[in-house]
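**Q** The following file, final11.cif, comprises mmCIF, N, CA and C atoms:
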```cif
data_data
loop_
_atom_site.label_atom_id
_atom_site.label_comp_id
_atom_site.auth_asym_id
_atom_site.auth_seq_id
_atom_site.Cartn_x
_atom_site.Cartn_y
_atom_site.Cartn_z
N MET A 14 -30.16 37.22 -36.17
CA MET A 14 -29.31 36.33 -35.41
C MET A 14 -28.24 35.78 -36.36
N PRO A 15 -26.96 35.97 -36.02
CA PRO A 15 -25.91 35.48 -36.91
C PRO A 15 -25.86 33.96 -36.89
N SER A 16 -25.52 33.39 -38.03
CA SER A 16 -25.45 31.93 -38.12
C SER A 16 -24.03 31.46 -37.81
N ALA A 17 -23.93 30.24 -37.29
CA ALA A 17 -22.63 29.65 -36.97
C ALA A 17 -21.92 29.27 -38.26
N PRO A 18 -20.61 29.40 -38.27
CA PRO A 18 -19.88 28.99 -39.48
C PRO A 18 -20.14 27.52 -39.80
N ARG A 19 -20.12 27.20 -41.07
CA ARG A 19 -20.42 25.84 -41.54
C ARG A 19 -19.54 24.79 -40.87
N ASP A 20 -18.25 25.08 -40.66
CA ASP A 20 -17.34 24.11 -40.03
C ASP A 20 -17.80 23.76 -38.62
N GLU A 21 -18.26 24.76 -37.87
CA GLU A 21 -18.74 24.51 -36.50
C GLU A 21 -19.97 23.62 -36.51
N LEU A 22 -20.90 23.88 -37.44
CA LEU A 22 -22.10 23.06 -37.54
C LEU A 22 -21.76 21.63 -37.91
N GLU A 23 -20.84 21.45 -38.84
CA GLU A 23 -20.44 20.10 -39.22
C GLU A 23 -19.75 19.38 -38.06
N GLN A 24 -18.95 20.10 -37.29
CA GLN A 24 -18.28 19.51 -36.14
C GLN A 24 -19.31 19.09 -35.08
N MET A 25 -20.30 19.95 -34.83
CA MET A 25 -21.35 19.61 -33.86
C MET A 25 -22.15 18.40 -34.34
N ALA A 26 -22.44 18.34 -35.62
CA ALA A 26 -23.18 17.19 -36.17
C ALA A 26 -22.37 15.91 -36.01
N GLY A 27 -21.07 16.00 -36.22
CA GLY A 27 -20.21 14.84 -36.03
C GLY A 27 -20.22 14.36 -34.59
N HIS A 28 -20.14 15.29 -33.63
CA HIS A 28 -20.19 14.93 -32.21
C HIS A 28 -21.54 14.29 -31.85
N LEU A 29 -22.61 14.85 -32.39
CA LEU A 29 -23.94 14.31 -32.13
C LEU A 29 -24.07 12.90 -32.69
N ASN A 30 -23.60 12.67 -33.90
CA ASN A 30 -23.63 11.32 -34.48
C ASN A 30 -22.82 10.33 -33.67
N GLU A 31 -21.66 10.77 -33.16
CA GLU A 31 -20.81 9.90 -32.34
C GLU A 31 -21.54 9.52 -31.04
N MET A 32 -22.20 10.48 -30.40
CA MET A 32 -22.94 10.19 -29.16
C MET A 32 -24.09 9.23 -29.43
N ILE A 33 -24.81 9.42 -30.52
CA ILE A 33 -25.93 8.53 -30.86
C ILE A 33 -25.40 7.13 -31.14
N SER A 34 -24.28 7.02 -31.84
CA SER A 34 -23.69 5.69 -32.11
C SER A 34 -23.34 4.99 -30.81
N LYS A 35 -22.76 5.70 -29.86
CA LYS A 35 -22.40 5.09 -28.58
C LYS A 35 -23.65 4.63 -27.83
N LEU A 36 -24.71 5.42 -27.90
CA LEU A 36 -25.95 5.03 -27.23
C LEU A 36 -26.51 3.75 -27.84
N TRP A 37 -26.46 3.61 -29.13
CA TRP A 37 -26.97 2.41 -29.79
C TRP A 37 -26.14 1.19 -29.45
N GLN A 38 -24.84 1.39 -29.15
CA GLN A 38 -23.97 0.27 -28.84
C GLN A 38 -24.14 -0.21 -27.40
N TRP A 39 -24.73 0.60 -26.53
CA TRP A 39 -24.91 0.21 -25.12
C TRP A 39 -25.85 -0.98 -25.03
N HIS A 40 -25.55 -1.87 -24.12
CA HIS A 40 -26.41 -3.00 -23.83
C HIS A 40 -26.95 -2.81 -22.42
N ALA A 41 -27.94 -3.60 -22.04
CA ALA A 41 -28.46 -3.51 -20.68
C ALA A 41 -27.32 -3.73 -19.70
N GLY A 42 -27.21 -2.87 -18.70
CA GLY A 42 -26.19 -3.02 -17.69
C GLY A 42 -24.88 -2.32 -18.00
N ASP A 43 -24.78 -1.62 -19.14
CA ASP A 43 -23.54 -0.94 -19.49
C ASP A 43 -23.40 0.44 -18.85
N PHE A 44 -24.34 0.86 -18.06
CA PHE A 44 -24.23 2.16 -17.42
C PHE A 44 -24.77 2.09 -16.00
N CYS A 45 -24.39 3.07 -15.20
CA CYS A 45 -24.80 3.10 -13.79
C CYS A 45 -25.80 4.23 -13.57
N PRO A 46 -26.79 3.99 -12.71
CA PRO A 46 -27.71 5.08 -12.37
C PRO A 46 -26.96 6.23 -11.71
N VAL A 47 -27.49 7.42 -11.84
CA VAL A 47 -26.86 8.62 -11.31
C VAL A 47 -26.77 8.59 -9.78
N ASP A 48 -27.71 7.96 -9.11
CA ASP A 48 -27.76 8.00 -7.65
C ASP A 48 -26.96 6.88 -6.98
N THR A 49 -25.86 6.43 -7.60
CA THR A 49 -25.03 5.38 -7.03
C THR A 49 -23.61 5.91 -6.83
N TRP A 50 -22.89 5.26 -5.96
CA TRP A 50 -21.46 5.58 -5.80
C TRP A 50 -20.65 4.49 -6.50
N SER A 51 -19.40 4.78 -6.78
CA SER A 51 -18.56 3.88 -7.57
C SER A 51 -17.40 3.37 -6.72
N PRO A 52 -17.34 2.05 -6.46
CA PRO A 52 -16.24 1.52 -5.65
C PRO A 52 -14.91 1.62 -6.39
N SER A 53 -13.84 1.73 -5.61
CA SER A 53 -12.49 1.78 -6.18
C SER A 53 -12.08 0.39 -6.67
N ILE A 54 -11.28 0.38 -7.73
CA ILE A 54 -10.79 -0.90 -8.28
C ILE A 54 -9.29 -0.81 -8.53
N ASN A 55 -8.67 -1.98 -8.59
CA ASN A 55 -7.34 -2.16 -9.17
C ASN A 55 -7.53 -3.11 -10.35
N PHE A 56 -6.92 -2.79 -11.47
CA PHE A 56 -7.07 -3.56 -12.71
C PHE A 56 -5.69 -4.05 -13.11
N TYR A 57 -5.50 -5.35 -13.18
CA TYR A 57 -4.21 -5.96 -13.51
C TYR A 57 -4.34 -6.74 -14.81
N ARG A 58 -3.43 -6.51 -15.73
CA ARG A 58 -3.44 -7.25 -17.00
C ARG A 58 -2.19 -8.12 -17.08
N PHE A 59 -2.41 -9.41 -17.34
CA PHE A 59 -1.34 -10.37 -17.51
C PHE A 59 -1.38 -10.85 -18.96
N ASP A 60 -0.43 -11.71 -19.34
CA ASP A 60 -0.40 -12.22 -20.72
C ASP A 60 -1.66 -13.01 -21.06
N ARG A 61 -2.18 -13.79 -20.10
CA ARG A 61 -3.29 -14.69 -20.40
C ARG A 61 -4.57 -14.39 -19.61
N ARG A 62 -4.59 -13.29 -18.86
CA ARG A 62 -5.78 -12.99 -18.06
C ARG A 62 -5.76 -11.53 -17.58
N ILE A 63 -6.92 -11.13 -17.07
CA ILE A 63 -7.09 -9.86 -16.37
C ILE A 63 -7.56 -10.22 -14.97
N GLU A 64 -7.11 -9.47 -13.97
CA GLU A 64 -7.64 -9.61 -12.63
C GLU A 64 -8.08 -8.23 -12.15
N VAL A 65 -9.27 -8.20 -11.58
CA VAL A 65 -9.84 -6.95 -11.07
C VAL A 65 -10.08 -7.14 -9.58
N CYS A 66 -9.65 -6.17 -8.79
CA CYS A 66 -9.91 -6.17 -7.36
C CYS A 66 -10.81 -4.97 -7.06
N VAL A 67 -11.94 -5.24 -6.40
CA VAL A 67 -12.93 -4.19 -6.11
C VAL A 67 -13.01 -4.02 -4.60
N ASP A 68 -12.84 -2.80 -4.12
CA ASP A 68 -12.90 -2.51 -2.69
C ASP A 68 -14.36 -2.42 -2.25
N LEU A 69 -14.83 -3.48 -1.56
CA LEU A 69 -16.22 -3.54 -1.11
C LEU A 69 -16.29 -3.85 0.39
N ALA A 70 -15.43 -3.22 1.15
CA ALA A 70 -15.43 -3.42 2.60
C ALA A 70 -16.81 -3.12 3.17
N GLY A 71 -17.27 -4.01 4.06
CA GLY A 71 -18.56 -3.81 4.71
C GLY A 71 -19.76 -4.26 3.90
N VAL A 72 -19.54 -4.82 2.72
CA VAL A 72 -20.64 -5.29 1.87
C VAL A 72 -20.82 -6.79 2.08
N ASN A 73 -22.04 -7.21 2.32
CA ASN A 73 -22.33 -8.63 2.43
C ASN A 73 -22.19 -9.24 1.03
N PRO A 74 -21.40 -10.31 0.89
CA PRO A 74 -21.22 -10.91 -0.44
C PRO A 74 -22.52 -11.27 -1.15
N ARG A 75 -23.57 -11.58 -0.39
CA ARG A 75 -24.87 -11.91 -1.01
C ARG A 75 -25.52 -10.68 -1.65
N ASP A 76 -25.03 -9.49 -1.28
CA ASP A 76 -25.59 -8.25 -1.81
C ASP A 76 -24.81 -7.71 -3.00
N ILE A 77 -23.92 -8.52 -3.56
CA ILE A 77 -23.11 -8.11 -4.71
C ILE A 77 -23.61 -8.84 -5.95
N ASP A 78 -23.89 -8.08 -7.00
CA ASP A 78 -24.33 -8.65 -8.28
C ASP A 78 -23.24 -8.37 -9.32
N VAL A 79 -22.63 -9.43 -9.83
CA VAL A 79 -21.61 -9.31 -10.86
C VAL A 79 -22.23 -9.81 -12.16
N HIS A 80 -22.16 -8.98 -13.18
CA HIS A 80 -22.71 -9.35 -14.49
C HIS A 80 -21.60 -9.13 -15.52
N ILE A 81 -21.34 -10.16 -16.31
CA ILE A 81 -20.32 -10.04 -17.34
C ILE A 81 -20.93 -10.37 -18.69
N GLN A 82 -20.55 -9.59 -19.67
CA GLN A 82 -20.99 -9.80 -21.05
C GLN A 82 -19.82 -9.41 -21.94
N PRO A 83 -19.86 -9.75 -23.20
CA PRO A 83 -18.74 -9.38 -24.06
C PRO A 83 -18.45 -7.88 -23.99
N GLY A 84 -17.24 -7.55 -23.58
CA GLY A 84 -16.82 -6.16 -23.56
C GLY A 84 -17.06 -5.40 -22.28
N ALA A 85 -17.80 -5.95 -21.31
CA ALA A 85 -18.10 -5.18 -20.10
C ALA A 85 -18.34 -6.07 -18.89
N LEU A 86 -17.86 -5.60 -17.75
CA LEU A 86 -18.08 -6.22 -16.45
C LEU A 86 -18.79 -5.19 -15.59
N SER A 87 -19.95 -5.55 -15.03
CA SER A 87 -20.64 -4.60 -14.15
C SER A 87 -20.79 -5.22 -12.77
N ILE A 88 -20.57 -4.39 -11.76
CA ILE A 88 -20.67 -4.80 -10.36
C ILE A 88 -21.64 -3.84 -9.69
N ARG A 89 -22.68 -4.41 -9.07
CA ARG A 89 -23.71 -3.59 -8.42
C ARG A 89 -24.01 -4.17 -7.05
N GLY A 90 -24.58 -3.36 -6.20
CA GLY A 90 -24.99 -3.83 -4.89
C GLY A 90 -25.30 -2.66 -3.98
N SER A 91 -25.24 -2.94 -2.68
CA SER A 91 -25.56 -1.92 -1.70
C SER A 91 -24.72 -2.14 -0.44
N ARG A 92 -24.31 -1.05 0.18
CA ARG A 92 -23.57 -1.12 1.44
C ARG A 92 -24.31 -0.27 2.47
N PRO A 93 -24.58 -0.85 3.65
CA PRO A 93 -25.23 -0.05 4.70
C PRO A 93 -24.27 0.99 5.26
N ALA A 94 -24.82 2.05 5.78
CA ALA A 94 -23.99 3.08 6.42
C ALA A 94 -23.40 2.52 7.71
N PRO A 95 -22.09 2.67 7.90
CA PRO A 95 -21.51 2.20 9.15
C PRO A 95 -21.91 3.15 10.29
N GLU A 96 -22.36 2.57 11.38
CA GLU A 96 -22.76 3.39 12.53
C GLU A 96 -22.23 2.77 13.81
N PRO A 97 -21.79 3.59 14.77
CA PRO A 97 -21.30 3.05 16.03
C PRO A 97 -22.46 2.56 16.89
N LYS A 98 -22.14 1.65 17.80
CA LYS A 98 -23.16 1.19 18.75
C LYS A 98 -23.40 2.32 19.75
N ARG A 99 -24.68 2.52 20.09
CA ARG A 99 -25.04 3.59 21.03
C ARG A 99 -25.96 3.03 22.08
N GLU A 100 -25.91 3.66 23.22
CA GLU A 100 -26.88 3.36 24.26
C GLU A 100 -28.22 3.94 23.84
N GLU A 101 -29.30 3.32 24.27
CA GLU A 101 -30.63 3.80 23.92
C GLU A 101 -30.79 5.25 24.37
N GLY A 102 -31.20 6.09 23.44
CA GLY A 102 -31.43 7.50 23.73
C GLY A 102 -30.17 8.35 23.75
N GLU A 103 -29.01 7.74 23.56
CA GLU A 103 -27.75 8.49 23.59
C GLU A 103 -27.65 9.39 22.36
N PRO A 104 -27.44 10.69 22.55
CA PRO A 104 -27.34 11.59 21.40
C PRO A 104 -26.02 11.37 20.65
N MET A 105 -26.06 11.65 19.35
CA MET A 105 -24.87 11.52 18.52
C MET A 105 -24.91 12.61 17.46
N ARG A 106 -23.77 13.20 17.20
CA ARG A 106 -23.65 14.19 16.13
C ARG A 106 -22.57 13.70 15.18
N ILE A 107 -22.87 13.63 13.91
CA ILE A 107 -21.89 13.20 12.91
C ILE A 107 -20.99 14.39 12.61
N GLU A 108 -19.69 14.21 12.83
CA GLU A 108 -18.70 15.26 12.56
C GLU A 108 -18.15 15.16 11.14
N THR A 109 -17.87 13.94 10.70
CA THR A 109 -17.35 13.69 9.36
C THR A 109 -17.93 12.37 8.86
N MET A 110 -18.36 12.35 7.61
CA MET A 110 -18.88 11.11 7.02
C MET A 110 -18.33 11.00 5.61
N GLU A 111 -17.26 10.22 5.46
CA GLU A 111 -16.58 10.09 4.17
C GLU A 111 -16.76 8.72 3.53
N ILE A 112 -17.24 7.73 4.27
CA ILE A 112 -17.38 6.38 3.74
C ILE A 112 -18.68 6.30 2.94
N ASP A 113 -18.55 5.96 1.66
CA ASP A 113 -19.73 5.84 0.80
C ASP A 113 -20.61 4.69 1.27
N HIS A 114 -21.91 4.88 1.14
CA HIS A 114 -22.87 3.84 1.49
C HIS A 114 -24.09 3.99 0.59
N GLY A 115 -24.95 2.99 0.65
CA GLY A 115 -26.12 2.97 -0.24
C GLY A 115 -25.80 2.14 -1.48
N ARG A 116 -26.55 2.38 -2.54
CA ARG A 116 -26.37 1.61 -3.78
C ARG A 116 -25.06 2.00 -4.47
N PHE A 117 -24.37 0.97 -5.01
CA PHE A 117 -23.15 1.24 -5.76
C PHE A 117 -23.23 0.55 -7.12
N CYS A 118 -22.38 1.03 -8.04
CA CYS A 118 -22.33 0.46 -9.38
C CYS A 118 -20.98 0.82 -9.99
N ARG A 119 -20.40 -0.13 -10.67
CA ARG A 119 -19.15 0.11 -11.39
C ARG A 119 -19.17 -0.73 -12.66
N VAL A 120 -18.93 -0.11 -13.79
CA VAL A 120 -18.85 -0.82 -15.07
C VAL A 120 -17.43 -0.67 -15.58
N ILE A 121 -16.82 -1.81 -15.94
CA ILE A 121 -15.44 -1.83 -16.41
C ILE A 121 -15.44 -2.38 -17.83
N GLN A 122 -14.86 -1.65 -18.74
CA GLN A 122 -14.76 -2.10 -20.12
C GLN A 122 -13.68 -3.18 -20.21
N LEU A 123 -13.97 -4.23 -20.96
CA LEU A 123 -13.07 -5.37 -21.11
C LEU A 123 -12.76 -5.61 -22.58
N PRO A 124 -11.60 -6.21 -22.85
CA PRO A 124 -11.34 -6.59 -24.24
C PRO A 124 -12.29 -7.71 -24.66
N GLU A 125 -12.55 -7.81 -25.92
CA GLU A 125 -13.51 -8.79 -26.45
C GLU A 125 -13.04 -10.24 -26.28
N HIS A 126 -11.75 -10.49 -26.12
CA HIS A 126 -11.26 -11.86 -26.10
C HIS A 126 -11.22 -12.49 -24.70
N VAL A 127 -12.02 -11.99 -23.77
CA VAL A 127 -12.16 -12.63 -22.45
C VAL A 127 -13.03 -13.87 -22.62
N ASP A 128 -12.62 -14.98 -22.01
CA ASP A 128 -13.38 -16.23 -22.06
C ASP A 128 -14.45 -16.18 -20.97
N LEU A 129 -15.67 -15.80 -21.32
CA LEU A 129 -16.75 -15.61 -20.35
C LEU A 129 -17.10 -16.89 -19.60
N SER A 130 -16.81 -18.05 -20.17
CA SER A 130 -17.15 -19.32 -19.52
C SER A 130 -16.17 -19.70 -18.42
N LYS A 131 -15.05 -18.99 -18.29
CA LYS A 131 -14.04 -19.36 -17.31
C LYS A 131 -13.78 -18.27 -16.26
N VAL A 132 -14.68 -17.31 -16.14
CA VAL A 132 -14.52 -16.23 -15.17
C VAL A 132 -14.71 -16.78 -13.76
N GLU A 133 -13.87 -16.34 -12.84
CA GLU A 133 -13.96 -16.76 -11.44
C GLU A 133 -13.97 -15.52 -10.56
N SER A 134 -14.62 -15.65 -9.38
CA SER A 134 -14.60 -14.54 -8.43
C SER A 134 -14.44 -15.07 -7.02
N LEU A 135 -13.88 -14.23 -6.15
CA LEU A 135 -13.64 -14.59 -4.76
C LEU A 135 -13.77 -13.32 -3.92
N TYR A 136 -14.56 -13.40 -2.84
CA TYR A 136 -14.69 -12.27 -1.91
C TYR A 136 -13.89 -12.61 -0.67
N ARG A 137 -12.87 -11.80 -0.39
CA ARG A 137 -11.97 -12.07 0.73
C ARG A 137 -11.57 -10.75 1.39
N SER A 138 -11.82 -10.66 2.71
CA SER A 138 -11.40 -9.50 3.50
C SER A 138 -11.90 -8.17 2.93
N GLY A 139 -13.13 -8.17 2.46
CA GLY A 139 -13.72 -6.93 1.96
C GLY A 139 -13.34 -6.58 0.53
N MET A 140 -12.59 -7.46 -0.11
CA MET A 140 -12.17 -7.22 -1.50
C MET A 140 -12.79 -8.30 -2.39
N LEU A 141 -13.39 -7.87 -3.49
CA LEU A 141 -13.92 -8.80 -4.49
C LEU A 141 -12.87 -8.94 -5.58
N TRP A 142 -12.37 -10.16 -5.77
CA TRP A 142 -11.40 -10.46 -6.82
C TRP A 142 -12.11 -11.17 -7.96
N ILE A 143 -11.91 -10.68 -9.17
CA ILE A 143 -12.52 -11.29 -10.35
C ILE A 143 -11.39 -11.62 -11.33
N ARG A 144 -11.30 -12.89 -11.69
CA ARG A 144 -10.28 -13.37 -12.64
C ARG A 144 -10.96 -13.62 -13.97
N LEU A 145 -10.42 -13.00 -15.03
CA LEU A 145 -11.01 -13.04 -16.37
C LEU A 145 -9.96 -13.55 -17.36
N PRO A 146 -9.92 -14.88 -17.58
CA PRO A 146 -8.95 -15.43 -18.52
C PRO A 146 -9.29 -15.05 -19.97
N PHE A 147 -8.25 -14.98 -20.78
CA PHE A 147 -8.44 -14.74 -22.21
C PHE A 147 -8.72 -16.06 -22.91
N ARG A 148 -9.47 -16.00 -24.01
CA ARG A 148 -9.68 -17.19 -24.84
C ARG A 148 -8.35 -17.62 -25.44
N ASP A 149 -8.21 -18.93 -25.61
CA ASP A 149 -7.01 -19.43 -26.28
C ASP A 149 -7.03 -19.00 -27.73
N PRO A 150 -5.92 -18.47 -28.23
CA PRO A 150 -5.90 -18.09 -29.66
C PRO A 150 -6.01 -19.33 -30.53
N GLY A 151 -6.74 -19.18 -31.58
CA GLY A 151 -6.81 -20.34 -32.46
C GLY A 151 -8.02 -20.43 -33.24
#
```
Would you write the structure of this file as structure tokens?

**A**
Amino acid sequence: MPSAPRDELEQMAGHLNEMISKLWQWHAGDFCPVDTWSPSINFYRFDRRIEVCVDLAGVNPRDIDVHIQPGALSIRGSRPAPEPKREEGEPMRIETMEIDHGRFCRVIQLPEHVDLSKVESLYRSGMLWIRLPFRDPG
């Protein structure tokens, strides 16, 4: 069996070390389970803050878990499948189903200088708004 050139082995070792380093840097909540869907976001950066808007139409605000830690914002929860009202025993065939439902998770990387003590959130019209002010320099 021919051996791989030394440069390729060193490159693979470098990639492996980089992956292991990233795994060690992860904290609880920094990743999402495979069986979840990811809600869409808009991310706005201002001089003194970040604002994140998360599309969570149809989600009960009590079913949303927002966790913030230095460097990461995670949003988790669950959305029921939307279903039309039917008469008892009325047959129904689903033709198209594009709206995600079930458990969701989204992790957003943040700069380290977010002031965690001043974060605010508001759920309005199916959108979760999260305001993340920066710490005052000094």

**Q** Using only C-alpha atoms, what table do you get, as JSON lines, when you list each residue of region 112-137 of chain A with an atom no more than 9 Å from region 84-105 of chain A, its nearest pair of atoms, and their distance in Å rounded to one decimal, rows by chain then rising number?

**A**
```
{"residue": "A:Ile112", "atom": "CA", "partner": "A:Ala94", "partner_atom": "CA", "distance": 7.9}
{"residue": "A:Asp113", "atom": "CA", "partner": "A:Ala94", "partner_atom": "CA", "distance": 7.6}
{"residue": "A:His114", "atom": "CA", "partner": "A:Arg92", "partner_atom": "CA", "distance": 5.0}
{"residue": "A:Gly115", "atom": "CA", "partner": "A:Arg92", "partner_atom": "CA", "distance": 5.1}
{"residue": "A:Arg116", "atom": "CA", "partner": "A:Ser91", "partner_atom": "CA", "distance": 4.2}
{"residue": "A:Phe117", "atom": "CA", "partner": "A:Gly90", "partner_atom": "CA", "distance": 5.5}
{"residue": "A:Cys118", "atom": "CA", "partner": "A:Arg89", "partner_atom": "CA", "distance": 4.4}
{"residue": "A:Arg119", "atom": "CA", "partner": "A:Ile88", "partner_atom": "CA", "distance": 5.2}
{"residue": "A:Val120", "atom": "CA", "partner": "A:Ser87", "partner_atom": "CA", "distance": 4.3}
{"residue": "A:Ile121", "atom": "CA", "partner": "A:Leu86", "partner_atom": "CA", "distance": 5.1}
{"residue": "A:Gln122", "atom": "CA", "partner": "A:Ala85", "partner_atom": "CA", "distance": 4.5}
{"residue": "A:Leu123", "atom": "CA", "partner": "A:Gly84", "partner_atom": "CA", "distance": 4.5}
{"residue": "A:Pro124", "atom": "CA", "partner": "A:Gly84", "partner_atom": "CA", "distance": 5.5}
{"residue": "A:Glu125", "atom": "CA", "partner": "A:Gly84", "partner_atom": "CA", "distance": 5.1}
{"residue": "A:His126", "atom": "CA", "partner": "A:Gly84", "partner_atom": "CA", "distance": 8.4}
{"residue": "A:Val127", "atom": "CA", "partner": "A:Gly84", "partner_atom": "CA", "distance": 8.1}
```

**Q** Run DSSP on the backbone and give me the residues of chain A it puts in helix (DSSP H, G or I), as a count of residues only.

**A** 26

**Q** For this structure, which residues satisfy the selection - the PyMOL selection byres (((chain A and resi 70 and name CA) around 9) and name CA) - when it is evaluated on the file as given? I want them as an MDAnalysis selection string.

**A** chainID A and resid 68:69 71:73 92 138:140

**Q** One number please: atom N of Asp128 (chain A) to CA of Leu145 (chain A), in Å, one decimal.

**A**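 So the answer is 6.2 Å.
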
**Q** Quote the spacing between CA of Asn55 (chain A) and CA of Leu141 (chain A) in Å to one decimal place.

**A**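 About the pair CA of Asn55 (chain A) and CA of Leu141 (chain A): they are 10.5 Å apart.
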
**Q** If we count only N, CA and C atoms, what is near Pro146 (chain A) at a cut-off of 7 Å, once residues fewer than 4 positions away on the same chain are taken out, given as a ChimeraX atom specification?

**A** /A:61-63,126-129,131-133

**Q** Around region 73-77 of chain A, with edges along x, y and z and 8 Å added on all six sides, what centre and edge lengths do you get, in Å to one decimal, as AutoDock Vina command-line options?

**A**
```
--center_x -23.4 --center_y -9.6 --center_z -1.8 --size_x 20.4 --size_y 20.7 --size_z 24.4
```

**Q** Please identify the strand (DSSP E) residues within region 22-108 of chain A (assignment by DSSP from backbone atoms) and present them as a list in words.

**A**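 Everything in region 22-108 of chain A that counts as strand (DSSP E) is Ile54, Asn55, Phe56, Tyr57, Arg58, Arg62, Ile63, Glu64, Val65, Cys66, Val67, Asp68, Ile77, Asp78, Val79, His80, Ile81, Gln82, Ala85, Leu86, Ser87, Ile88, Arg89, Gly90, Ser91 and Arg92 of chain A.
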
**Q** Please indicate the distance in Å from atom C of Glu108 (chain A) to atom C of Cys45 (chain A), rounded to one decimal place.

**A** 28.1 Å

**Q** Need to verify the contact set: Ile54 (chain A), 8 Å, only C-alpha atoms, exclusion of same-chain residues closer than 2 positions in sequence. Can you return it as JSON, numbers by chain?

**A** {"A": [52, 56, 65, 66, 67, 68]}

**Q** For His80 (chain A), which of A:Met110, A:Ser134, A:Ala26, A:Pro18 is the closest residue, counting only C-alpha atoms?

**A** A:Ser134
